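Structure file coords17.cif with mmCIF, C-alpha atoms:
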```cif
data_data
loop_
_atom_site.label_atom_id
_atom_site.label_comp_id
_atom_site.auth_asym_id
_atom_site.auth_seq_id
_atom_site.Cartn_x
_atom_site.Cartn_y
_atom_site.Cartn_z
CA VAL J 1 -37.24 43.97 -90.04
CA PRO J 2 -37.99 47.74 -89.73
CA LEU J 3 -37.69 48.16 -93.51
CA VAL J 4 -40.17 45.34 -94.13
CA LEU J 5 -42.55 46.76 -91.52
CA CYS J 6 -42.39 50.27 -93.00
CA THR J 7 -42.89 48.91 -96.51
CA GLY J 8 -45.95 47.00 -95.31
CA VAL J 9 -47.44 50.08 -93.65
CA VAL J 10 -46.90 52.15 -96.82
CA ALA J 11 -48.48 49.40 -98.93
CA VAL J 12 -51.56 49.21 -96.70
CA LEU J 13 -51.96 53.00 -96.66
CA THR J 14 -51.62 53.10 -100.44
CA VAL J 15 -54.15 50.32 -101.07
CA VAL J 16 -56.67 51.78 -98.62
CA GLY J 17 -56.00 55.50 -99.21
CA ILE J 18 -55.86 55.89 -102.99
CA PRO J 19 -59.39 54.65 -103.78
CA HIS J 20 -60.85 57.03 -101.17
CA SER J 21 -58.65 60.04 -101.93
CA ASP J 22 -59.32 63.25 -103.81
CA PRO J 23 -56.03 64.71 -105.04
CA HIS J 24 -57.80 67.95 -106.05
CA ARG J 25 -58.11 68.78 -102.34
CA LEU J 26 -54.31 69.15 -102.23
CA ALA J 27 -54.18 71.46 -105.23
CA HIS J 28 -57.16 73.80 -104.62
CA TYR J 29 -58.52 75.89 -101.78
CA MET J 30 -62.17 75.70 -100.71
CA ASP J 31 -64.98 78.16 -100.15
CA TYR J 32 -67.01 78.34 -96.93
CA LYS J 33 -69.28 75.51 -98.17
CA GLY J 34 -66.31 73.17 -98.56
CA LYS J 35 -66.51 73.30 -102.37
CA LEU J 36 -63.19 73.45 -104.17
CA CYS J 37 -62.20 76.50 -106.19
CA SER J 38 -61.77 75.68 -109.92
CA GLN J 39 -64.03 72.63 -109.57
CA GLY J 40 -67.77 71.98 -110.03
CA ASP J 41 -69.89 75.07 -109.26
CA ASN J 42 -66.70 77.11 -108.88
CA LEU J 43 -65.19 76.08 -112.23
CA ASN J 44 -64.39 79.65 -113.38
CA LYS J 45 -63.58 80.85 -109.87
CA THR J 46 -59.94 79.92 -109.49
CA VAL J 47 -58.72 81.78 -106.38
CA SER J 48 -59.70 81.78 -102.71
CA PHE J 49 -60.45 85.17 -101.14
CA TYR J 50 -61.42 86.37 -97.64
CA CYS J 51 -63.94 89.23 -97.71
CA LEU J 52 -63.86 92.08 -95.25
CA ALA J 53 -66.09 91.69 -92.21
CA GLU J 54 -69.39 93.48 -92.56
CA GLY J 55 -69.06 97.15 -91.63
CA SER J 56 -65.25 97.07 -91.46
CA ASP J 57 -62.44 98.53 -93.55
CA ASP J 58 -59.61 96.46 -92.09
CA VAL J 59 -61.00 93.30 -90.43
CA ILE J 60 -61.23 90.15 -92.53
CA ASN J 61 -64.10 87.67 -92.33
CA LEU J 62 -61.96 84.54 -91.92
CA LEU J 63 -64.88 82.16 -91.40
CA TYR J 64 -66.35 82.44 -94.89
CA PRO J 65 -63.78 82.35 -97.71
CA VAL J 66 -65.17 82.63 -101.22
CA CYS J 67 -63.86 81.48 -104.58
CA ARG J 68 -63.65 84.18 -107.21
CA GLU J 69 -62.30 84.78 -110.71
CA SER J 70 -59.30 86.90 -109.73
CA CYS J 71 -57.68 88.74 -106.85
CA PRO J 72 -58.74 92.38 -106.44
CA ASN J 73 -56.04 95.01 -106.95
CA GLY J 74 -57.75 97.80 -105.05
CA SER J 75 -60.85 98.87 -103.16
CA ASP J 76 -62.80 100.23 -106.13
CA THR J 77 -64.67 96.93 -106.69
CA ASN J 78 -66.95 94.84 -104.50
CA TYR J 79 -68.02 91.23 -104.12
CA THR J 80 -70.95 89.31 -102.63
CA CYS J 81 -69.85 87.75 -99.35
CA LYS J 82 -71.46 85.87 -96.45
CA HIS J 83 -71.59 86.42 -92.71
CA GLN J 84 -73.53 85.14 -89.71
CA GLY J 85 -76.77 87.03 -89.25
CA ILE J 86 -79.81 86.57 -87.04
CA ASN J 87 -83.23 85.77 -88.44
CA PRO J 88 -85.54 88.26 -86.67
CA LYS J 89 -88.51 85.88 -86.89
CA THR J 90 -86.84 82.84 -85.32
CA ASN J 91 -83.98 84.58 -83.48
CA LYS J 92 -81.63 81.90 -84.88
CA THR J 93 -78.39 82.50 -86.74
CA LYS J 94 -78.21 82.07 -90.49
CA LEU J 95 -75.84 82.96 -93.32
CA VAL J 96 -76.61 86.34 -94.86
CA LYS J 97 -75.29 87.71 -98.17
CA TYR J 98 -73.84 91.20 -98.25
CA LEU J 99 -72.04 93.27 -100.85
CA MET J 100 -68.62 94.24 -99.51
CA ASN J 101 -65.87 96.49 -100.87
CA ASP J 102 -62.70 94.71 -101.91
CA TYR J 103 -59.24 95.54 -100.62
CA PRO J 104 -55.83 95.43 -102.34
CA THR J 105 -54.42 91.90 -102.55
CA PHE J 106 -51.69 89.97 -104.29
CA ILE J 107 -51.84 86.43 -105.57
CA PHE J 108 -49.88 83.74 -103.72
CA SER J 109 -49.72 79.99 -103.18
CA GLY J 110 -49.05 79.25 -106.81
CA GLY J 111 -51.97 81.36 -108.01
CA LEU J 112 -54.54 79.69 -105.75
CA ALA J 113 -55.33 82.43 -103.24
CA CYS J 114 -55.39 86.18 -102.58
CA ALA J 115 -53.38 87.68 -99.72
CA PRO J 116 -53.97 91.18 -98.33
CA VAL J 117 -51.37 93.84 -99.10
CA ALA J 118 -52.02 95.67 -95.79
CA ARG J 119 -49.70 94.33 -93.10
CA ASN J 120 -52.27 94.36 -90.27
CA MET J 121 -54.70 92.31 -92.37
CA THR J 122 -51.93 89.94 -93.45
CA LEU J 123 -51.01 89.37 -89.80
CA GLU J 124 -54.67 88.66 -89.01
CA VAL J 125 -54.77 85.98 -91.72
CA TRP J 126 -51.36 84.67 -90.66
CA LYS J 127 -52.48 84.19 -87.02
CA TRP J 128 -55.68 82.49 -88.11
CA GLN J 129 -53.79 80.21 -90.51
CA ARG J 130 -51.41 79.20 -87.70
CA ARG J 131 -54.35 78.01 -85.60
CA ASN J 132 -55.70 75.85 -88.45
CA ASP J 133 -53.58 72.81 -89.08
CA SER J 134 -53.12 71.92 -92.74
CA PHE J 135 -50.31 71.57 -95.23
CA LYS J 136 -51.32 74.65 -97.23
CA ASN J 137 -51.66 76.71 -94.08
CA THR J 138 -48.15 75.69 -93.05
CA LEU J 139 -46.82 76.73 -96.45
CA PHE J 140 -48.67 80.03 -96.12
CA LEU J 141 -47.15 80.59 -92.69
CA TYR J 142 -43.60 80.08 -93.94
CA PHE J 143 -44.23 82.24 -97.00
CA ARG J 144 -45.49 85.12 -94.86
CA MET J 145 -42.59 84.74 -92.41
CA LEU J 146 -40.13 85.03 -95.30
CA ALA J 147 -42.00 87.91 -96.93
CA PHE J 148 -42.08 90.04 -93.77
CA ALA J 149 -38.82 89.00 -92.14
#
```
Please rewrite the model in this file as structure tokens.
Amino acid sequence: VPLVLCTGVVAVLTVVGIPHSDPHRLAHYMDYKGKLCSQGDNLNKTVSFYCLAEGSDDVINLLYPVCRESCPNGSDTNYTCKHQGINPKTNKTKLVKYLMNDYPTFIFSGGLACAPVARNMTLEVWKWQRRNDSFKNTLFLYFRMLAFA
């Protein structure tokens, strides 16, 4: 009886889930708009990257990941990022573009994302990833635990 019940549940989930699924969401990270890297507007931007927070050399802006062509190797390049700003006319928050220096990273997660080389920044990302529940984040957590064990 349990085998028949489990088979029925799997069949229902398959019939209902597959037509409404997007398998690309399992294989690609997203930018802050929820658009997948390597897809649509981000077709040539294959990796996910967290910019530095505005005005900082070692704090990462974890709220607004961007998709970009490659992971930076050093801090001699920069990239256009986003952060929360305040519109002086309306006194309401809005997203503001800013040009931010890069930081040294390495590619991880099968070539899908950039991870900071600096340990303090890696720990910042690691803690944030632990608080956000997803399969990729769990894989990232275990990868970082093994890398810095």
### Which of J:Val96, J:Gly34, J:Gly85, J:Ala113 sits closest to J:Glu69 [using all atoms listed in the file]
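Between J:Val96, J:Gly34, J:Gly85, J:Ala113, the residue approaching J:Glu69 most closely is J:Ala113.
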### Query
Expressed in Å to a single decimal, how great is the separation between atom CA of J:Asn120 and atom CA of J:Met100?
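Here the two named atoms are 18.8 Å from each other.
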Stretch 36-42 of chain J surroundings by all atoms listed in the file, 10 Å radius, close-in-sequence under 2 positions cut, as a compact mmCIF listing (two decimals) with C-alpha atoms, in the frame of the given file:
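Once everything was written out, this is around16.txt:
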```txt
# COMPACT_ATOMS: atom_id res chain seq x y z
CA HIS J 24 -57.80 67.95 -106.05
CA ARG J 25 -58.11 68.78 -102.34
CA ALA J 27 -54.18 71.46 -105.23
CA HIS J 28 -57.16 73.80 -104.62
CA TYR J 29 -58.52 75.89 -101.78
CA MET J 30 -62.17 75.70 -100.71
CA ASP J 31 -64.98 78.16 -100.15
CA TYR J 32 -67.01 78.34 -96.93
CA LYS J 33 -69.28 75.51 -98.17
CA GLY J 34 -66.31 73.17 -98.56
CA ASN J 44 -64.39 79.65 -113.38
CA LYS J 45 -63.58 80.85 -109.87
CA THR J 46 -59.94 79.92 -109.49
CA VAL J 47 -58.72 81.78 -106.38
CA SER J 48 -59.70 81.78 -102.71
CA VAL J 66 -65.17 82.63 -101.22
CA CYS J 67 -63.86 81.48 -104.58
CA ARG J 68 -63.65 84.18 -107.21
CA GLU J 69 -62.30 84.78 -110.71
CA LEU J 112 -54.54 79.69 -105.75
CA ALA J 113 -55.33 82.43 -103.24
```
### Residues matched by the PyMOL selection byres ((chain J and resi 83) around 12) as a PyMOL selection string
chain J and resi 32+50-55+60-66+80-82+84-86+93-100
### Query
How far is it from atom CA of J:Asn73 to atom CA of J:Tyr103, in Å with one decimal?
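Atom-to-atom, atom CA of J:Asn73 to atom CA of J:Tyr103, that is 7.1 Å.
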### Message
Between atom CA of J:Thr14 and atom CA of J:Pro2, what is the distance in Å, rounded to a tenth?
### Response
18.1 Å
### Task
List the residues selected by the PyMOL selection byres ((chain J and resi 114) around 6) in the file shown, writing them as a count of residues only.
7
### Message
Please list as a ChimeraX atom specification every residue within 6 Å of J:Asp102, counting all atoms listed in the file and excluding residues in the same chain fewer than 5 positions away.
### Response
/J:75,77-78
Any chance you could work out the axis-aligned box around stretch 74-89 of chain J, listed atoms only, 4 Å on each side, giving centre and edge lengths in Å to one decimal, as AutoDock Vina command-line options?
```
--center_x -73.1 --center_y 92.7 --center_z -96.7 --size_x 38.8 --size_y 23.1 --size_z 28.0
```
### Query
For the file shown, what are the residues hit by the PyMOL selection byres ((chain J and resi 117) around 6), laid out as number ranges by chain?
J: 104-105, 116, 118
